[in-house]
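**Student:** For reference, this is my_file_4.tsv, and it has TSV, C-alpha atoms.
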```tsv
chain	number	residue	atom	x	y	z
A	1	MET	CA	89.76	104.81	92.79
A	2	SER	CA	88.13	103.40	95.91
A	3	ILE	CA	89.68	100.37	97.55
A	4	SER	CA	86.80	98.20	96.36
A	5	ASN	CA	87.45	99.18	92.71
A	6	HIS	CA	91.15	98.49	93.23
A	7	ILE	CA	90.39	95.03	94.62
A	8	ILE	CA	87.79	94.34	91.92
A	9	ASP	CA	90.35	95.01	89.20
A	10	ARG	CA	92.67	92.51	90.83
A	11	ILE	CA	89.92	89.95	91.47
A	12	ARG	CA	89.11	90.00	87.74
A	13	LYS	CA	92.71	88.96	87.00
A	14	ALA	CA	93.01	86.36	89.77
A	15	GLY	CA	92.64	82.65	89.22
A	16	ARG	CA	91.09	82.09	92.64
A	17	VAL	CA	90.54	84.28	95.69
A	18	PHE	CA	91.43	83.07	99.19
A	19	VAL	CA	90.01	85.10	102.10
A	20	ILE	CA	91.34	84.82	105.67
A	21	GLY	CA	90.86	86.38	109.11
A	22	ASN	CA	90.56	85.58	112.83
A	23	GLY	CA	87.41	85.62	114.96
A	24	GLY	CA	84.96	88.20	113.64
A	25	SER	CA	87.30	88.82	110.70
A	26	TYR	CA	87.12	85.09	109.89
A	27	ALA	CA	83.32	85.25	109.94
A	28	ASN	CA	83.58	88.22	107.58
A	29	ALA	CA	86.04	86.27	105.40
A	30	MET	CA	83.49	83.46	105.06
A	31	HIS	CA	80.75	85.99	104.24
A	32	ILE	CA	82.90	87.73	101.62
A	33	ALA	CA	83.96	84.44	100.01
A	34	ASN	CA	80.32	83.36	99.84
A	35	ASP	CA	79.32	86.66	98.22
A	36	LEU	CA	82.15	86.40	95.69
A	37	GLN	CA	81.06	82.85	94.83
A	38	ALA	CA	77.54	84.16	94.22
A	39	CYS	CA	79.12	86.50	91.65
A	40	GLY	CA	80.90	83.67	89.83
A	41	ILE	CA	84.30	84.17	91.49
A	42	ARG	CA	86.17	81.11	92.72
A	43	ALA	CA	86.61	82.19	96.35
A	44	TYR	CA	87.59	80.10	99.36
A	45	THR	CA	88.02	80.14	103.13
A	46	LEU	CA	89.61	77.43	105.24
A	47	ASP	CA	87.16	74.77	106.44
A	48	ALA	CA	86.94	74.00	110.16
A	49	ALA	CA	88.30	70.43	109.92
A	50	THR	CA	91.45	71.52	108.08
A	51	LEU	CA	91.85	74.54	110.36
A	52	THR	CA	91.77	72.47	113.55
A	53	ALA	CA	93.91	69.65	112.14
A	54	THR	CA	96.56	72.13	110.96
A	55	ALA	CA	96.49	73.95	114.31
A	56	ASN	CA	96.92	70.62	116.09
A	57	ASP	CA	99.74	69.39	113.85
A	58	PHE	CA	101.70	72.59	113.18
A	59	GLY	CA	100.39	75.28	115.54
A	60	TYR	CA	97.80	78.00	115.11
A	61	ALA	CA	100.39	80.41	113.68
A	62	PHE	CA	100.57	78.29	110.52
A	63	ILE	CA	96.92	77.47	109.79
A	64	PHE	CA	96.61	79.75	106.79
A	65	SER	CA	100.16	79.53	105.44
A	66	LYS	CA	100.09	75.71	105.33
A	67	TRP	CA	96.69	75.84	103.57
A	68	LEU	CA	97.94	78.31	100.98
A	69	ILE	CA	101.15	76.37	100.35
A	70	SER	CA	99.07	73.25	99.69
A	71	ASN	CA	96.33	74.86	97.60
A	72	ALA	CA	97.24	78.25	96.13
A	73	GLU	CA	99.36	79.06	93.12
A	74	ALA	CA	100.84	82.07	91.41
A	75	GLY	CA	98.08	84.20	89.92
A	76	ASP	CA	95.66	83.53	92.78
A	77	MET	CA	94.74	86.32	95.20
A	78	LEU	CA	94.80	86.51	98.99
A	79	ILE	CA	92.56	88.95	100.86
A	80	ALA	CA	93.73	89.10	104.50
A	81	LEU	CA	91.32	90.65	107.00
A	82	SER	CA	92.58	91.73	110.42
A	83	GLY	CA	91.67	94.32	113.00
A	84	SER	CA	95.22	94.68	114.32
A	85	GLY	CA	97.31	93.31	111.47
A	86	LYS	CA	99.56	91.68	114.08
A	87	SER	CA	98.31	88.08	114.23
A	88	PRO	CA	101.14	85.62	113.48
A	89	ASN	CA	98.88	83.36	111.41
A	90	ILE	CA	97.86	86.30	109.18
A	91	LEU	CA	101.45	87.55	108.84
A	92	ASN	CA	102.71	84.02	108.03
A	93	ALA	CA	99.97	83.67	105.41
A	94	LEU	CA	100.99	86.95	103.79
A	95	GLU	CA	104.61	85.80	103.66
A	96	ALA	CA	103.60	82.45	102.13
A	97	ALA	CA	101.33	84.15	99.59
A	98	ILE	CA	104.12	86.44	98.44
A	99	LEU	CA	106.51	83.47	98.09
A	100	ILE	CA	103.88	81.59	96.06
A	101	GLY	CA	103.41	84.59	93.77
A	102	MET	CA	99.88	85.44	94.81
A	103	ASP	CA	98.42	88.92	94.56
A	104	VAL	CA	97.91	90.16	98.13
A	105	GLU	CA	95.41	92.64	99.59
A	106	ARG	CA	95.66	93.50	103.29
A	107	VAL	CA	92.56	94.93	104.95
A	108	PHE	CA	93.93	95.89	108.36
A	109	GLY	CA	91.77	98.19	110.47
A	110	ALA	CA	94.61	99.43	112.66
A	111	GLU	CA	96.40	100.78	109.57
A	112	GLN	CA	93.32	102.93	108.94
A	113	GLY	CA	92.98	104.08	112.56
A	114	LEU	CA	89.94	101.87	113.23
A	115	ASN	CA	89.16	100.05	116.46
A	116	MET	CA	88.20	96.36	116.32
A	117	GLU	CA	84.46	96.93	115.93
A	118	GLU	CA	84.95	99.57	113.22
A	119	SER	CA	87.45	97.31	111.47
A	120	GLU	CA	85.00	94.42	111.28
A	121	GLU	CA	82.22	96.76	110.11
A	122	TYR	CA	84.53	98.10	107.39
A	123	GLN	CA	85.37	94.56	106.24
A	124	ILE	CA	81.74	93.63	105.69
A	125	ILE	CA	80.98	96.96	104.00
A	126	LEU	CA	83.91	96.31	101.67
A	127	GLY	CA	82.58	92.82	100.95
A	128	HIS	CA	79.17	94.21	100.07
A	129	GLN	CA	80.76	96.85	97.83
A	130	LEU	CA	82.62	94.11	95.99
A	131	LYS	CA	79.46	92.04	95.55
A	132	ARG	CA	77.44	94.99	94.24
A	133	ALA	CA	80.13	96.03	91.80
A	134	LEU	CA	80.65	92.51	90.49
A	135	LYS	CA	76.91	91.94	90.10
A	136	ASN	CA	76.62	95.25	88.25
A	137	GLU	CA	79.02	94.03	85.60
A	138	ASN	CA	76.79	90.97	85.03
A	139	ARG	CA	79.23	88.45	86.47
A	140	ALA	CA	76.54	86.96	88.69
A	141	LEU	CA	75.47	83.40	87.95
```
Please render this file's structure as structure tokens.

**Tutor:**
Amino acid sequence: MSISNHIIDRIRKAGRVFVIGNGGSYANAMHIANDLQACGIRAYTLDAATLTATANDFGYAFIFSKWLISNAEAGDMLIALSGSGKSPNILNALEAAILIGMDVERVFGAEQGLNMEESEEYQIILGHQLKRALKNENRAL
């Protein structure tokens, strides 16, 4: 089973899908969430106003974990994108997601031996694989 099929099986079972990342991975997270929405999946990324307010009030390391604690629930899914897999805000979000009871998928390039550019390319390829597979099963709106 390819990773996209593995994630698709879990997306089908999820209530909502939250997608996170930093920098280029955040841009990819927004792209993936948009593609999932086009396939009828309730998918979300953190909006800029909430991101900056949370960073200001609690620190950048907690932007995603605070958002998940306020919005996610057991049965939802978190897809965490990261080139290194070492960013405190991503690691804190994973910890929060597990405590909430979310299904978690880590897409960390360093764990696959990819450099930053290859990692971000892989993320968007994965997103397109997900979109194609979901459209093929007639879940598109």

**Student:** Counting all atoms listed in the file, figure out which residue out of A:Ser4, A:Gln123, A:Asn22, A:Gln37 gets nearest to Lys86 in chain A.

**Tutor:**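 Residue with the minimum atom-to-atom distance to Lys86 in chain A: A:Asn22.
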
**Student:** List every residue of range 62-93 of chain A that has an atom at most 12 Å from any atom of range 124-132 of chain A, and for each one report the closest atom pair and its distance in Å to one decimal, counting only C-alpha atoms, with rows sorted by chain and then by increasing residue number, as a Markdown table.

**Tutor:**
```
| residue | atom | partner | partner_atom | distance |
| --- | --- | --- | --- | --- |
| A:Ile79 | CA | A:Gly127 | CA | 10.7 |
| A:Leu81 | CA | A:Ile124 | CA | 10.1 |
| A:Ser82 | CA | A:Ile124 | CA | 12.0 |
```

**Student:** Would you put the residues from that selection into a file with C-alpha atoms, as a PDB file, in the frame of the given file?

**Tutor:**
```
ATOM      1  CA  ILE A  79      92.560  88.950 100.860  1.00  0.00           C
ATOM      2  CA  LEU A  81      91.320  90.650 107.000  1.00  0.00           C
ATOM      3  CA  SER A  82      92.580  91.730 110.420  1.00  0.00           C
TER       4      SER A  82
END
```

**Student:** At a cut-off of 12 Å, using all atoms listed in the file, what residues contact Leu68 in chain A? Leave out same-chain residues fewer than 4 positions from it and give the result as a ChimeraX atom specification.

**Tutor:** /A:16-20,44-46,50-51,54,62-64,72-74,76-79,89-90,92-102

**Student:** Report the distance between CA of Ser70 in chain A and CA of Asp103 in chain A in Å, rounded to one decimal place.

**Tutor:**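 Going from CA of Ser70 in chain A over to CA of Asp103 in chain A, I get 16.5 Å.
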
**Student:** Could you tell me which of A:Ala55, A:Ile41, A:Ala49, A:Ala133 comes closest to Arg12 in chain A if we count all atoms listed in the file?

**Tutor:**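 Nearest to Arg12 in chain A: A:Ile41.
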
**Student:** May I have the protein, DNA and RNA residues with an atom at most 8 Å from (85.2, 84.3, 105.5), counting only C-alpha atoms in the file's coordinates, returned as a list in words?

**Tutor:**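 Every polymer residue passing the test: Val19, Ile20, Gly21, Ser25, Tyr26, Ala27, Asn28, Ala29, Met30, His31, Ile32, Ala33, Asn34, Tyr44 and Thr45 of chain A.
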
**Student:** Check the smallest atom-to-atom distance from each of A:Gly83, A:Ile8, A:Gly40, A:Leu91 to Ala110 in chain A using only C-alpha atoms, then report the winner.

**Tutor:** A:Gly83

**Student:** Report the distance between CA of Ser119 in chain A and CA of Lys135 in chain A in Å, rounded to one decimal place.

**Tutor:**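 Computing it gives 24.4 Å between the two atoms.
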
**Student:** Rounded to one decimal in Å, what is the spacing between CA of Lys13 in chain A and CA of Val107 in chain A?

**Tutor:**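 Between CA of Lys13 in chain A and CA of Val107 in chain A the gap is 18.9 Å.
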
**Student:** Smallest atom-to-atom distance to Gln112 in chain A: which of A:Ala38, A:Leu134, A:Ser84, A:Asn5, using all atoms listed in the file?

**Tutor:**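 Looking only at the distances to Gln112 in chain A, the closest residue turns out to be A:Ser84.
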